[in-house]
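Colleague: My file is query-v5.txt. It has compact mmCIF, C-alpha atoms:
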```
# COMPACT_ATOMS: atom_id res chain seq x y z
CA MET A 1 2.45 97.57 65.19
CA VAL A 2 5.04 99.44 63.11
CA LYS A 3 5.70 102.95 64.38
CA LYS A 4 5.32 105.85 61.98
CA MET A 5 8.68 107.64 61.82
CA ILE A 6 9.78 111.11 60.79
CA LYS A 7 13.24 112.60 60.19
CA LEU A 8 14.40 115.40 62.46
CA GLY A 9 15.24 117.40 59.37
CA ASP A 10 11.57 117.31 58.34
CA ILE A 11 10.29 118.54 61.72
CA ALA A 12 12.14 121.81 62.17
CA THR A 13 14.80 124.25 61.02
CA TYR A 14 17.94 124.20 63.16
CA ILE A 15 19.68 127.55 63.42
CA ASN A 16 23.30 127.51 64.53
CA GLY A 17 24.63 130.14 66.91
CA TYR A 18 27.14 132.85 66.03
CA ALA A 19 30.90 132.46 66.54
CA PHE A 20 31.46 135.39 68.89
CA LYS A 21 35.08 136.49 69.24
CA PRO A 22 36.73 137.10 72.63
CA GLU A 23 36.74 140.83 71.95
CA ASP A 24 32.95 140.74 71.44
CA ARG A 25 32.42 139.90 75.10
CA GLY A 26 31.76 142.74 77.49
CA LYS A 27 30.05 143.49 80.79
CA VAL A 28 26.82 144.95 79.38
CA GLY A 29 24.24 143.87 76.84
CA LEU A 30 22.57 140.52 76.20
CA PRO A 31 24.19 137.38 77.67
CA ILE A 32 26.01 135.14 75.20
CA ILE A 33 24.93 131.57 75.88
CA ARG A 34 27.46 128.77 75.45
CA ILE A 35 27.18 125.01 76.01
CA GLN A 36 28.64 125.49 79.51
CA ASP A 37 25.74 127.78 80.38
CA LEU A 38 23.22 125.12 79.35
CA THR A 39 24.87 122.34 81.36
CA GLY A 40 25.34 124.46 84.49
CA ASN A 41 29.16 124.53 84.31
CA SER A 42 29.61 128.13 83.19
CA TYR A 43 32.53 130.11 84.62
CA ASP A 44 32.78 133.07 82.23
CA LEU A 45 29.45 134.42 81.04
CA GLY A 46 30.00 137.17 78.46
CA PHE A 47 27.67 139.91 77.21
CA TYR A 48 27.26 141.56 73.80
CA ASP A 49 26.02 145.09 73.19
CA GLY A 50 26.34 145.35 69.41
CA ILE A 51 24.42 144.48 66.25
CA TYR A 52 23.64 140.79 65.81
CA PRO A 53 21.68 138.55 63.41
CA GLN A 54 18.08 138.41 64.66
CA LYS A 55 17.96 134.65 64.15
CA ILE A 56 20.44 134.00 66.98
CA GLU A 57 18.25 135.71 69.57
CA ILE A 58 16.61 133.27 72.01
CA ASN A 59 13.74 133.71 74.46
CA ASP A 60 11.97 131.68 77.12
CA GLY A 61 10.44 128.54 75.69
CA ASP A 62 12.95 128.11 72.85
CA VAL A 63 14.31 124.60 72.36
CA LEU A 64 18.12 124.48 72.18
CA ILE A 65 20.35 121.57 71.16
CA SER A 66 24.07 121.47 71.93
CA TRP A 67 25.72 119.48 69.15
CA SER A 68 29.40 119.66 70.03
CA ALA A 69 31.48 118.40 72.99
CA SER A 70 28.49 117.92 75.33
CA LEU A 71 25.37 116.73 73.52
CA GLY A 72 22.04 117.78 75.02
CA VAL A 73 18.60 119.26 74.43
CA TYR A 74 17.07 121.97 76.62
CA ILE A 75 14.09 124.30 76.90
CA TRP A 76 15.46 127.78 77.62
CA ASN A 77 13.89 129.67 80.54
CA ARG A 78 16.28 132.47 81.56
CA GLY A 79 15.13 135.39 79.43
CA LYS A 80 16.37 136.99 76.24
CA ALA A 81 19.91 135.99 75.24
CA LEU A 82 22.18 135.39 72.25
CA LEU A 83 23.23 132.00 70.96
CA ASN A 84 26.91 131.12 70.62
CA GLN A 85 28.27 128.57 68.15
CA HIS A 86 27.82 124.80 68.57
CA ILE A 87 24.19 125.23 69.69
CA PHE A 88 21.06 124.88 67.52
CA LYS A 89 17.91 126.90 68.08
CA VAL A 90 14.90 124.87 66.94
CA GLU A 91 12.25 126.56 64.80
CA PHE A 92 9.41 124.11 64.26
CA ASP A 93 8.08 123.87 60.71
CA LYS A 94 5.18 121.56 61.60
CA THR A 95 2.25 122.45 63.89
CA ASP A 96 1.49 118.86 64.88
CA ILE A 97 4.62 118.21 66.95
CA ASP A 98 4.50 118.63 70.71
CA LYS A 99 7.55 120.55 71.96
CA GLN A 100 8.00 118.47 75.12
CA TYR A 101 7.60 115.22 73.15
CA PHE A 102 10.26 116.46 70.71
CA VAL A 103 12.66 117.22 73.59
CA PHE A 104 12.32 113.73 75.11
CA ALA A 105 12.65 112.05 71.71
CA VAL A 106 15.78 114.00 70.76
CA ARG A 107 17.26 113.41 74.22
CA TYR A 108 16.91 109.67 73.61
CA LYS A 109 18.30 109.82 70.09
CA LEU A 110 21.31 111.92 71.11
CA LYS A 111 22.67 108.85 72.91
CA GLU A 112 22.68 107.02 69.57
CA MET A 113 24.16 110.01 67.78
CA GLU A 114 26.97 110.25 70.32
CA ARG A 115 28.32 106.94 69.02
CA LYS A 116 28.53 108.49 65.54
CA THR A 117 30.19 111.75 66.55
CA HIS A 118 33.07 113.11 64.50
CA GLY A 119 36.25 114.95 65.41
CA ALA A 120 39.58 113.95 66.91
CA THR A 121 39.64 116.37 69.85
CA MET A 122 36.11 117.83 70.14
CA LYS A 123 33.35 115.37 69.25
CA HIS A 124 30.45 116.85 67.32
CA ILE A 125 27.38 115.85 65.31
CA VAL A 126 27.44 116.37 61.56
CA LYS A 127 24.32 118.25 60.46
CA LYS A 128 23.34 115.73 57.77
CA ASP A 129 23.48 112.88 60.30
CA PHE A 130 21.30 114.86 62.69
CA ASP A 131 18.73 115.71 60.01
CA ALA A 132 18.58 112.07 58.87
CA THR A 133 17.88 110.72 62.38
CA GLU A 134 14.32 109.44 62.74
CA ILE A 135 11.98 109.58 65.73
CA PRO A 136 8.55 107.96 66.20
CA TYR A 137 5.75 110.23 65.00
CA PRO A 138 2.43 109.28 66.60
CA PRO A 139 -0.71 111.46 66.47
CA TYR A 140 -0.44 114.76 68.34
CA GLU A 141 -2.71 113.67 71.22
CA GLU A 142 -0.54 110.60 71.79
CA GLN A 143 2.59 112.76 71.75
CA VAL A 144 1.12 114.92 74.50
CA GLU A 145 0.19 111.86 76.58
CA ILE A 146 3.69 110.37 76.22
CA ALA A 147 5.36 113.67 77.10
CA THR A 148 3.10 114.13 80.14
CA ASN A 149 3.93 110.66 81.46
CA LEU A 150 7.65 111.15 81.00
CA ASP A 151 7.60 114.65 82.45
CA LYS A 152 5.99 113.46 85.69
CA ILE A 153 8.73 110.88 86.22
CA PHE A 154 11.46 113.29 85.10
CA ARG A 155 10.31 115.84 87.70
CA ILE A 156 10.60 113.18 90.40
CA ILE A 157 14.16 112.48 89.23
CA GLU A 158 14.95 116.20 89.37
CA SER A 159 13.47 116.41 92.87
CA ARG A 160 15.60 113.49 94.08
CA ASN A 161 18.71 115.08 92.59
CA GLN A 162 17.87 118.35 94.29
CA GLU A 163 17.59 116.52 97.62
CA LEU A 164 21.05 115.04 97.07
CA GLN A 165 22.42 118.48 96.20
CA LEU A 166 20.91 119.99 99.34
CA LEU A 167 22.66 117.33 101.45
CA ASP A 168 25.95 118.10 99.68
CA ASP A 169 25.39 121.80 100.37
CA LEU A 170 24.72 120.97 104.03
CA VAL A 171 28.04 119.15 104.35
CA SER A 172 29.83 121.99 102.57
CA ALA A 173 28.30 124.55 104.94
CA ARG A 174 29.28 122.44 107.95
CA PHE A 175 32.87 122.27 106.73
CA VAL A 176 33.08 126.04 106.30
CA GLU A 177 31.57 126.54 109.75
CA MET A 178 34.05 124.19 111.41
CA PHE A 179 37.26 124.75 109.43
CA GLY A 180 37.08 127.54 106.84
CA ASP A 181 36.52 127.83 103.10
CA ILE A 182 38.46 125.57 100.71
CA SER A 183 37.49 127.72 97.72
CA THR A 184 39.21 130.81 99.17
CA GLY A 185 41.95 129.07 101.15
CA VAL A 186 40.95 131.00 104.28
CA TYR A 187 41.14 128.53 107.16
CA LYS A 188 41.05 128.43 110.95
CA TYR A 189 43.85 125.89 111.40
CA GLU A 190 47.31 124.81 110.25
CA ILE A 191 48.22 124.37 106.59
CA ARG A 192 50.93 121.98 105.34
CA LYS A 193 51.93 120.53 102.00
CA LEU A 194 50.40 117.14 101.19
CA GLY A 195 53.84 115.67 100.53
CA ASP A 196 54.87 116.49 104.11
CA VAL A 197 51.95 114.65 105.74
CA ALA A 198 51.32 111.76 103.35
CA ASN A 199 53.08 109.36 101.02
CA VAL A 200 52.08 110.27 97.47
CA GLY A 201 52.91 107.87 94.67
CA SER A 202 51.66 105.39 92.12
CA SER A 203 52.16 101.75 91.17
CA HIS A 204 54.53 99.53 89.23
CA ARG A 205 54.10 99.33 85.47
CA VAL A 206 51.70 96.65 84.22
CA PHE A 207 51.71 95.86 80.51
CA THR A 208 48.65 94.91 78.49
CA THR A 209 50.34 91.61 77.63
CA GLU A 210 50.17 90.76 81.35
CA PHE A 211 46.38 90.93 81.54
CA VAL A 212 44.48 87.68 82.10
CA GLU A 213 40.82 86.69 81.76
CA TYR A 214 40.27 86.25 85.50
CA GLY A 215 42.25 87.12 88.60
CA VAL A 216 42.98 90.27 90.61
CA PRO A 217 41.06 93.37 89.42
CA PHE A 218 43.21 96.02 87.74
CA TYR A 219 41.78 99.54 87.93
CA ARG A 220 42.42 102.44 85.60
CA GLY A 221 41.29 106.01 86.18
CA THR A 222 37.83 105.16 84.83
CA GLU A 223 37.25 102.43 87.41
CA ILE A 224 38.61 104.58 90.24
CA GLY A 225 36.17 107.30 89.19
CA ASP A 226 33.32 104.79 89.37
CA LEU A 227 34.36 103.63 92.83
CA ALA A 228 34.60 107.25 94.00
CA ASN A 229 30.96 107.65 92.97
CA GLY A 230 29.86 104.48 94.76
CA ILE A 231 29.60 102.48 91.53
CA THR A 232 31.04 98.96 91.30
CA PRO A 233 33.00 98.72 88.03
CA ARG A 234 31.19 96.36 85.68
CA GLU A 235 34.03 95.81 83.25
CA THR A 236 37.64 95.75 84.32
CA TYR A 237 40.96 94.16 83.51
CA PHE A 238 42.70 91.49 85.58
CA ILE A 239 46.21 90.39 86.41
CA SER A 240 47.15 86.96 87.78
CA LYS A 241 47.41 86.37 91.52
CA GLU A 242 51.06 85.38 91.04
CA HIS A 243 51.88 88.64 89.27
CA TYR A 244 49.97 90.62 91.89
CA LYS A 245 52.01 89.04 94.71
CA LYS A 246 55.18 89.91 92.83
CA ILE A 247 54.49 93.62 92.29
CA ALA A 248 52.13 94.61 95.14
CA ASN A 249 54.70 95.31 97.81
CA ASP A 250 54.16 97.58 100.82
CA ASP A 251 55.06 100.69 98.81
CA THR A 252 52.39 100.30 96.11
CA LYS A 253 49.63 98.23 97.74
CA PRO A 254 46.92 100.59 99.06
CA LYS A 255 45.64 100.10 102.59
CA ILE A 256 42.10 100.66 103.83
CA GLY A 257 41.71 104.42 104.26
CA ASP A 258 44.25 105.34 101.58
CA LEU A 259 42.97 107.65 98.84
CA LEU A 260 43.14 106.80 95.15
CA MET A 261 42.37 109.30 92.38
CA PRO A 262 42.76 109.37 88.60
CA SER A 263 45.42 111.76 87.33
CA ILE A 264 42.66 113.42 85.28
CA CYS A 265 40.75 114.32 88.43
CA ASN A 266 38.43 116.97 87.02
CA LYS A 267 35.30 115.90 88.92
CA GLY A 268 36.61 115.24 92.41
CA GLN A 269 36.92 111.50 91.78
CA VAL A 270 38.69 110.56 95.02
CA TRP A 271 38.09 107.04 96.33
CA ARG A 272 38.78 106.16 99.95
CA VAL A 273 39.81 102.49 99.87
CA ASP A 274 37.21 100.53 101.85
CA THR A 275 38.20 96.94 101.11
CA ASP A 276 41.07 94.61 101.90
CA LYS A 277 40.32 92.45 98.86
CA PRO A 278 43.29 92.39 96.46
CA PHE A 279 43.33 94.85 93.55
CA TYR A 280 45.97 96.78 91.66
CA TYR A 281 45.96 100.01 89.65
CA LYS A 282 47.54 101.69 86.62
CA ASP A 283 50.82 103.50 87.10
CA GLY A 284 50.79 107.24 86.48
CA ARG A 285 47.11 107.34 85.58
CA VAL A 286 46.05 106.54 89.16
CA LEU A 287 47.69 108.25 92.14
CA CYS A 288 47.74 106.97 95.71
CA ILE A 289 47.71 109.12 98.85
CA SER A 290 48.60 107.31 102.06
CA PRO A 291 48.12 109.89 104.86
CA ASP A 292 49.67 109.93 108.31
CA ARG A 293 46.94 108.36 110.44
CA ARG A 294 48.26 110.10 113.56
CA ILE A 295 47.06 113.47 112.26
CA PHE A 296 44.27 112.55 109.83
CA ASN A 297 40.84 111.03 109.90
CA THR A 298 40.89 109.67 106.34
CA LYS A 299 37.15 110.25 105.91
CA TYR A 300 37.76 113.94 106.58
CA LEU A 301 40.70 113.94 104.16
CA GLU A 302 38.64 112.22 101.47
CA TYR A 303 36.09 115.04 101.57
CA TYR A 304 38.80 117.70 101.63
CA MET A 305 40.57 116.20 98.60
CA LYS A 306 37.35 115.83 96.60
CA VAL A 307 36.74 119.56 96.91
CA LYS A 308 40.39 120.59 96.69
CA THR A 309 41.06 118.70 93.46
CA LEU A 310 38.07 120.38 91.83
CA ILE A 311 39.66 123.74 92.65
CA GLU A 312 43.27 122.84 91.88
CA TYR A 313 42.79 120.76 88.73
CA PRO A 314 42.38 123.74 86.36
CA LYS A 315 45.45 125.40 87.90
CA LEU A 316 47.82 122.48 88.51
CA GLY A 317 46.93 120.16 85.65
CA SER A 318 49.65 119.75 83.06
CA GLY A 319 50.28 117.80 79.91
CA SER A 320 50.75 118.39 76.19
CA THR A 321 47.32 117.06 75.15
CA PHE A 322 45.24 117.08 78.33
CA ALA A 323 45.56 118.32 81.87
CA GLU A 324 46.48 115.82 84.54
CA PHE A 325 47.93 115.75 88.02
CA LYS A 326 51.52 114.63 88.42
CA ILE A 327 52.90 113.29 91.68
CA PHE A 328 55.08 116.35 92.28
CA LEU A 329 52.10 118.66 91.74
CA LEU A 330 49.93 116.68 94.12
CA LYS A 331 52.63 116.77 96.81
CA ASN A 332 52.65 120.56 96.63
CA ILE A 333 48.92 121.01 97.36
CA ASP A 334 48.05 122.83 100.60
CA ILE A 335 46.28 120.60 103.13
CA LEU A 336 44.27 121.84 106.10
CA ILE A 337 45.01 119.95 109.33
CA PRO A 338 42.45 120.72 112.04
CA PRO A 339 42.58 119.01 115.47
CA LEU A 340 41.85 115.31 115.10
CA ASP A 341 38.80 115.42 117.37
CA LEU A 342 37.18 117.99 115.06
CA GLN A 343 38.04 115.87 112.02
CA ASN A 344 36.34 112.92 113.72
CA GLU A 345 33.26 115.02 114.44
CA PHE A 346 33.06 116.15 110.83
CA ALA A 347 33.61 112.61 109.53
CA ASP A 348 30.72 111.35 111.69
CA PHE A 349 28.51 114.09 110.27
CA VAL A 350 29.46 113.08 106.71
CA ARG A 351 28.71 109.42 107.45
CA GLN A 352 25.23 110.29 108.74
CA THR A 353 24.60 112.42 105.68
CA ASP A 354 25.85 109.61 103.44
CA LYS A 355 23.21 107.30 104.94
CA SER A 356 20.49 109.76 103.95
CA LYS A 357 22.02 110.13 100.50
CA LEU A 358 22.13 106.36 100.06
CA ALA A 359 18.40 106.04 100.80
CA ILE A 360 17.59 108.84 98.34
CA GLN A 361 19.94 107.37 95.73
CA LYS A 362 18.20 103.99 95.90
CA GLU A 363 14.85 105.65 95.19
CA LEU A 364 16.45 107.72 92.45
CA ASP A 365 17.91 104.61 90.80
CA LYS A 366 14.48 102.92 90.78
CA THR A 367 12.86 106.00 89.26
CA GLN A 368 15.64 106.38 86.70
CA LEU A 369 15.23 102.74 85.69
CA LEU A 370 11.50 103.30 85.11
CA PHE A 371 12.21 106.45 83.12
CA ASP A 372 14.83 104.73 80.96
CA SER A 373 12.55 101.77 80.25
CA LEU A 374 9.73 104.10 79.16
CA MET A 375 12.11 106.08 76.95
CA GLN A 376 13.13 102.81 75.33
CA GLU A 377 9.49 101.79 74.89
CA TYR A 378 8.45 105.10 73.35
CA PHE A 379 11.49 105.94 71.24
CA GLY A 380 13.57 102.77 70.85
```
Show the structure stored in the file as C-alpha cells.
Modeller:
Amino acid sequence: MVKKMIKLGDIATYINGYAFKPEDRGKVGLPIIRIQDLTGNSYDLGFYDGIYPQKIEINDGDVLISWSASLGVYIWNRGKALLNQHIFKVEFDKTDIDKQYFVFAVRYKLKEMERKTHGATMKHIVKKDFDATEIPYPPYEEQVEIATNLDKIFRIIESRNQELQLLDDLVSARFVEMFGDISTGVYKYEIRKLGDVANVGSSHRVFTTEFVEYGVPFYRGTEIGDLANGITPRETYFISKEHYKKIANDDTKPKIGDLLMPSICNKGQVWRVDTDKPFYYKDGRVLCISPDRRIFNTKYLEYYMKVKTLIEYPKLGSGSTFAEFKIFLLKNIDILIPPLDLQNEFADFVRQTDKSKLAIQKELDKTQLLFDSLMQEYFG
C-alpha cells in the first residue's frame, strides 16, 4: 500500500530564532537557548532582559528543531525562554498532526537531510530543502498509535542510557574519593608531566599510494575513536604485511597497555591497546602514549587520560582550522601518580563496573535495533 505523504512545509510554520549579540547576554532575564543547550553541551548560558520579538519566546511543550551544526528535534520542557539563531520553533498549521508523531518523523528525516547539508565550515539545512522534505501522513489515530509504540521503546533506551551514566558517575565519584578531582586539579598525590613518565609520539608516514585491499589494518583518528568506545571499526584501510614489518619498529609499534588517541580528542577518545594483532596508525593524527609500567597501572591511566583530555582539549588544542593536540602539548599535561596499589584497586573497580556496563549496553543495542527498524518501517 502506497503511503500518503505530506511536505514539512505544509504541516507547520518554522520560526527562526534571533541572532543575539554577545553584548545582549547578561545575568538576569529570560535564558537564551542555543543548540548547545538543547544537546546538553552548554557551557555559557546567557540571559536577556530587554525587548524581544514575541515570536521567539518558547514555553514548555514547544517543538524545536536545530538546523545548523548539530541537527536535532526536541520538545522543550524547561520553562519560558528565548530562541537563539539556528533553531526553528514549530507552529503547527494543521490540527490533524500528532506532535509526538511529528517529532519522531522529523528525527528520522533529519538523517537524510544531513547528507544534503550545505556550508564549508558549519553544515546547515537550507529552508527550502527542509520544507520540501516529505513524511508519511496517516490518519490521526494511526499517528498516535505509531508515536505511542515508538515512545515506549524510546523511554527504555533513555532508561538504559541513564543506567550507563549512573555507572560512569559512580566511577567518577570513586576517583575523586581516592585521588582528588581532575576537573579542579586538586589532588592527594604527586603530579608530574606526562613527557617525564611516558614516551609520547606518533608513527612513520604512510602514503595513500601504499594502501592495499587486504593486509594489516591501518587506523586513523576515526577508527581509534571507535575502538575507544568499544566499537570494532567496520571500514578501514590496510597496508601490506611487508610494509608493516619495515616501518613498525620498536619506537612506533604500540604494545598492549599503550594508549592511543586521535589528535582531535574532543570526546575523551582514548583507546588502551588490548590486542597483540598487528595494526598501524596515521602519523600526527593519532598519538601514542607508552607509560612507564613501573609507576602506572595502564587501566588507571586510561581513565585519567579520558577525563583529562576532555578538560585540556579546549585549552591546549591548536591549529589554524581546527583544534588538535600536538605531541609537545601532550607531553606538558599534568599527570597524577598515586601509589601503584591504589591504582590497581581503582582499575579493578573500573573493570567490575565495565562488566555491568557491557551487560546494559548489550540490552541497549538490542532495543536500539528494534527502535531503528520500526523507524524505518514507519517513516522509510
Colleague: Closest to Lys4 of chain A among A:Asp274, A:Asp258, A:Glu134, A:Glu377, using all atoms listed in the file?
Modeller: A:Glu134
Colleague: For a test of reading the model, state the distance in Å between atom CA of Pro262 of chain A and atom CA of Arg285 of chain A, rounded to one decimal.
Modeller: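 Computed distance, atom CA of Pro262 of chain A to atom CA of Arg285 of chain A, equals 5.7 Å.
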Colleague: So how many Å separate atom CA of Phe102 of chain A and atom CA of Leu8 of chain A, to one decimal?
Modeller: 9.3 Å
Colleague: What is the atom CA of Leu330 of chain A-atom CA of Leu194 of chain A distance in Å, reported with one decimal?
Modeller: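 If I compute the distance from atom CA of Leu330 of chain A to atom CA of Leu194 of chain A, I get 7.1 Å.
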Colleague: Report as a PyMOL selection string all protein, DNA and RNA residues lying within 10 Å of Pro338 of chain A, evaluated on only C-alpha atoms, omitting residues in the same chain fewer than 4 positions from it.
Modeller: chain A and resi 178-179+187-191+295-296+300+342-343
Colleague: In terms of the shortest atom-to-atom distance over all atoms listed in the file, which of A:Gly380, A:Gly225, A:Gly195, A:Pro217 is closest to Lys331 of chain A?
Modeller: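 For Lys331 of chain A, the nearest of the given residues is A:Gly195.
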Colleague: Check the smallest atom-to-atom distance from each of A:Leu83, A:Thr353, A:Ala147, A:Phe130 to Asp98 of chain A using all atoms listed in the file, then report the winner.
Modeller: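 Result for the nearest residue to Asp98 of chain A: A:Ala147.
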Colleague: With all heavy atoms as the goal, would you fill in the gaps in segment 159-169 of chain A and present it as a short mmCIF file (atom, residue, chain, number, x, y, z; two decimals), in the coordinates of the input?
Modeller:
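The new file selection37.cif reads:
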```
data_model
loop_
_atom_site.label_atom_id
_atom_site.label_comp_id
_atom_site.auth_asym_id
_atom_site.auth_seq_id
_atom_site.Cartn_x
_atom_site.Cartn_y
_atom_site.Cartn_z
N SER A 159 13.68 116.16 91.44
CA SER A 159 13.47 116.41 92.87
C SER A 159 14.45 115.60 93.71
O SER A 159 15.01 116.11 94.68
CB SER A 159 12.03 116.06 93.24
OG SER A 159 11.81 116.23 94.62
N ARG A 160 14.65 114.34 93.35
CA ARG A 160 15.60 113.49 94.08
C ARG A 160 17.02 114.06 93.96
O ARG A 160 17.77 114.09 94.94
CB ARG A 160 15.57 112.07 93.52
CG ARG A 160 14.25 111.34 93.75
CD ARG A 160 14.16 110.79 95.15
NE ARG A 160 12.96 109.97 95.31
CZ ARG A 160 11.79 110.38 95.75
NH1 ARG A 160 11.63 111.66 96.08
NH2 ARG A 160 10.77 109.56 95.87
N ASN A 161 17.38 114.50 92.78
CA ASN A 161 18.71 115.08 92.59
C ASN A 161 18.88 116.36 93.39
O ASN A 161 19.96 116.64 93.91
CB ASN A 161 18.97 115.35 91.10
CG ASN A 161 19.36 114.10 90.34
OD1 ASN A 161 20.16 113.30 90.82
ND2 ASN A 161 18.80 113.91 89.16
N GLN A 162 17.81 117.14 93.49
CA GLN A 162 17.87 118.35 94.29
C GLN A 162 18.05 118.02 95.78
O GLN A 162 18.78 118.72 96.48
CB GLN A 162 16.60 119.17 94.08
CG GLN A 162 16.52 119.84 92.72
CD GLN A 162 15.16 120.46 92.45
OE1 GLN A 162 14.27 120.42 93.29
NE2 GLN A 162 14.99 121.02 91.25
N GLU A 163 17.41 116.94 96.24
CA GLU A 163 17.59 116.52 97.62
C GLU A 163 19.04 116.13 97.88
O GLU A 163 19.61 116.48 98.92
CB GLU A 163 16.68 115.32 97.91
CG GLU A 163 15.20 115.65 97.98
CD GLU A 163 14.36 114.42 98.24
OE1 GLU A 163 14.70 113.65 99.15
OE2 GLU A 163 13.38 114.21 97.52
N LEU A 164 19.64 115.42 96.93
CA LEU A 164 21.05 115.04 97.07
C LEU A 164 21.94 116.28 97.10
O LEU A 164 22.89 116.36 97.88
CB LEU A 164 21.47 114.11 95.93
CG LEU A 164 20.84 112.71 95.93
CD1 LEU A 164 21.23 111.96 94.66
CD2 LEU A 164 21.28 111.92 97.16
N GLN A 165 21.62 117.26 96.24
CA GLN A 165 22.42 118.48 96.20
C GLN A 165 22.31 119.26 97.50
O GLN A 165 23.29 119.82 98.00
CB GLN A 165 21.98 119.35 95.02
CG GLN A 165 22.81 120.61 94.83
CD GLN A 165 24.27 120.32 94.59
OE1 GLN A 165 24.61 119.57 93.68
NE2 GLN A 165 25.16 120.90 95.40
N LEU A 166 21.11 119.29 98.07
CA LEU A 166 20.91 119.99 99.34
C LEU A 166 21.74 119.35 100.45
O LEU A 166 22.30 120.05 101.31
CB LEU A 166 19.43 120.00 99.71
CG LEU A 166 18.53 120.94 98.91
CD1 LEU A 166 17.06 120.70 99.24
CD2 LEU A 166 18.91 122.39 99.17
N LEU A 167 21.84 118.02 100.45
CA LEU A 167 22.66 117.33 101.45
C LEU A 167 24.14 117.65 101.24
O LEU A 167 24.88 117.84 102.20
CB LEU A 167 22.41 115.83 101.40
CG LEU A 167 21.05 115.38 101.94
CD1 LEU A 167 20.84 113.90 101.66
CD2 LEU A 167 20.94 115.66 103.44
N ASP A 168 24.56 117.70 99.97
CA ASP A 168 25.95 118.10 99.68
C ASP A 168 26.21 119.52 100.15
O ASP A 168 27.28 119.82 100.72
CB ASP A 168 26.22 117.99 98.17
CG ASP A 168 26.39 116.55 97.70
OD1 ASP A 168 26.64 115.68 98.55
OD2 ASP A 168 26.24 116.31 96.49
N ASP A 169 25.24 120.41 99.92
CA ASP A 169 25.39 121.80 100.37
C ASP A 169 25.47 121.88 101.90
O ASP A 169 26.19 122.71 102.45
CB ASP A 169 24.21 122.64 99.87
CG ASP A 169 24.20 122.79 98.36
OD1 ASP A 169 25.24 122.53 97.73
OD2 ASP A 169 23.14 123.17 97.81
#
```
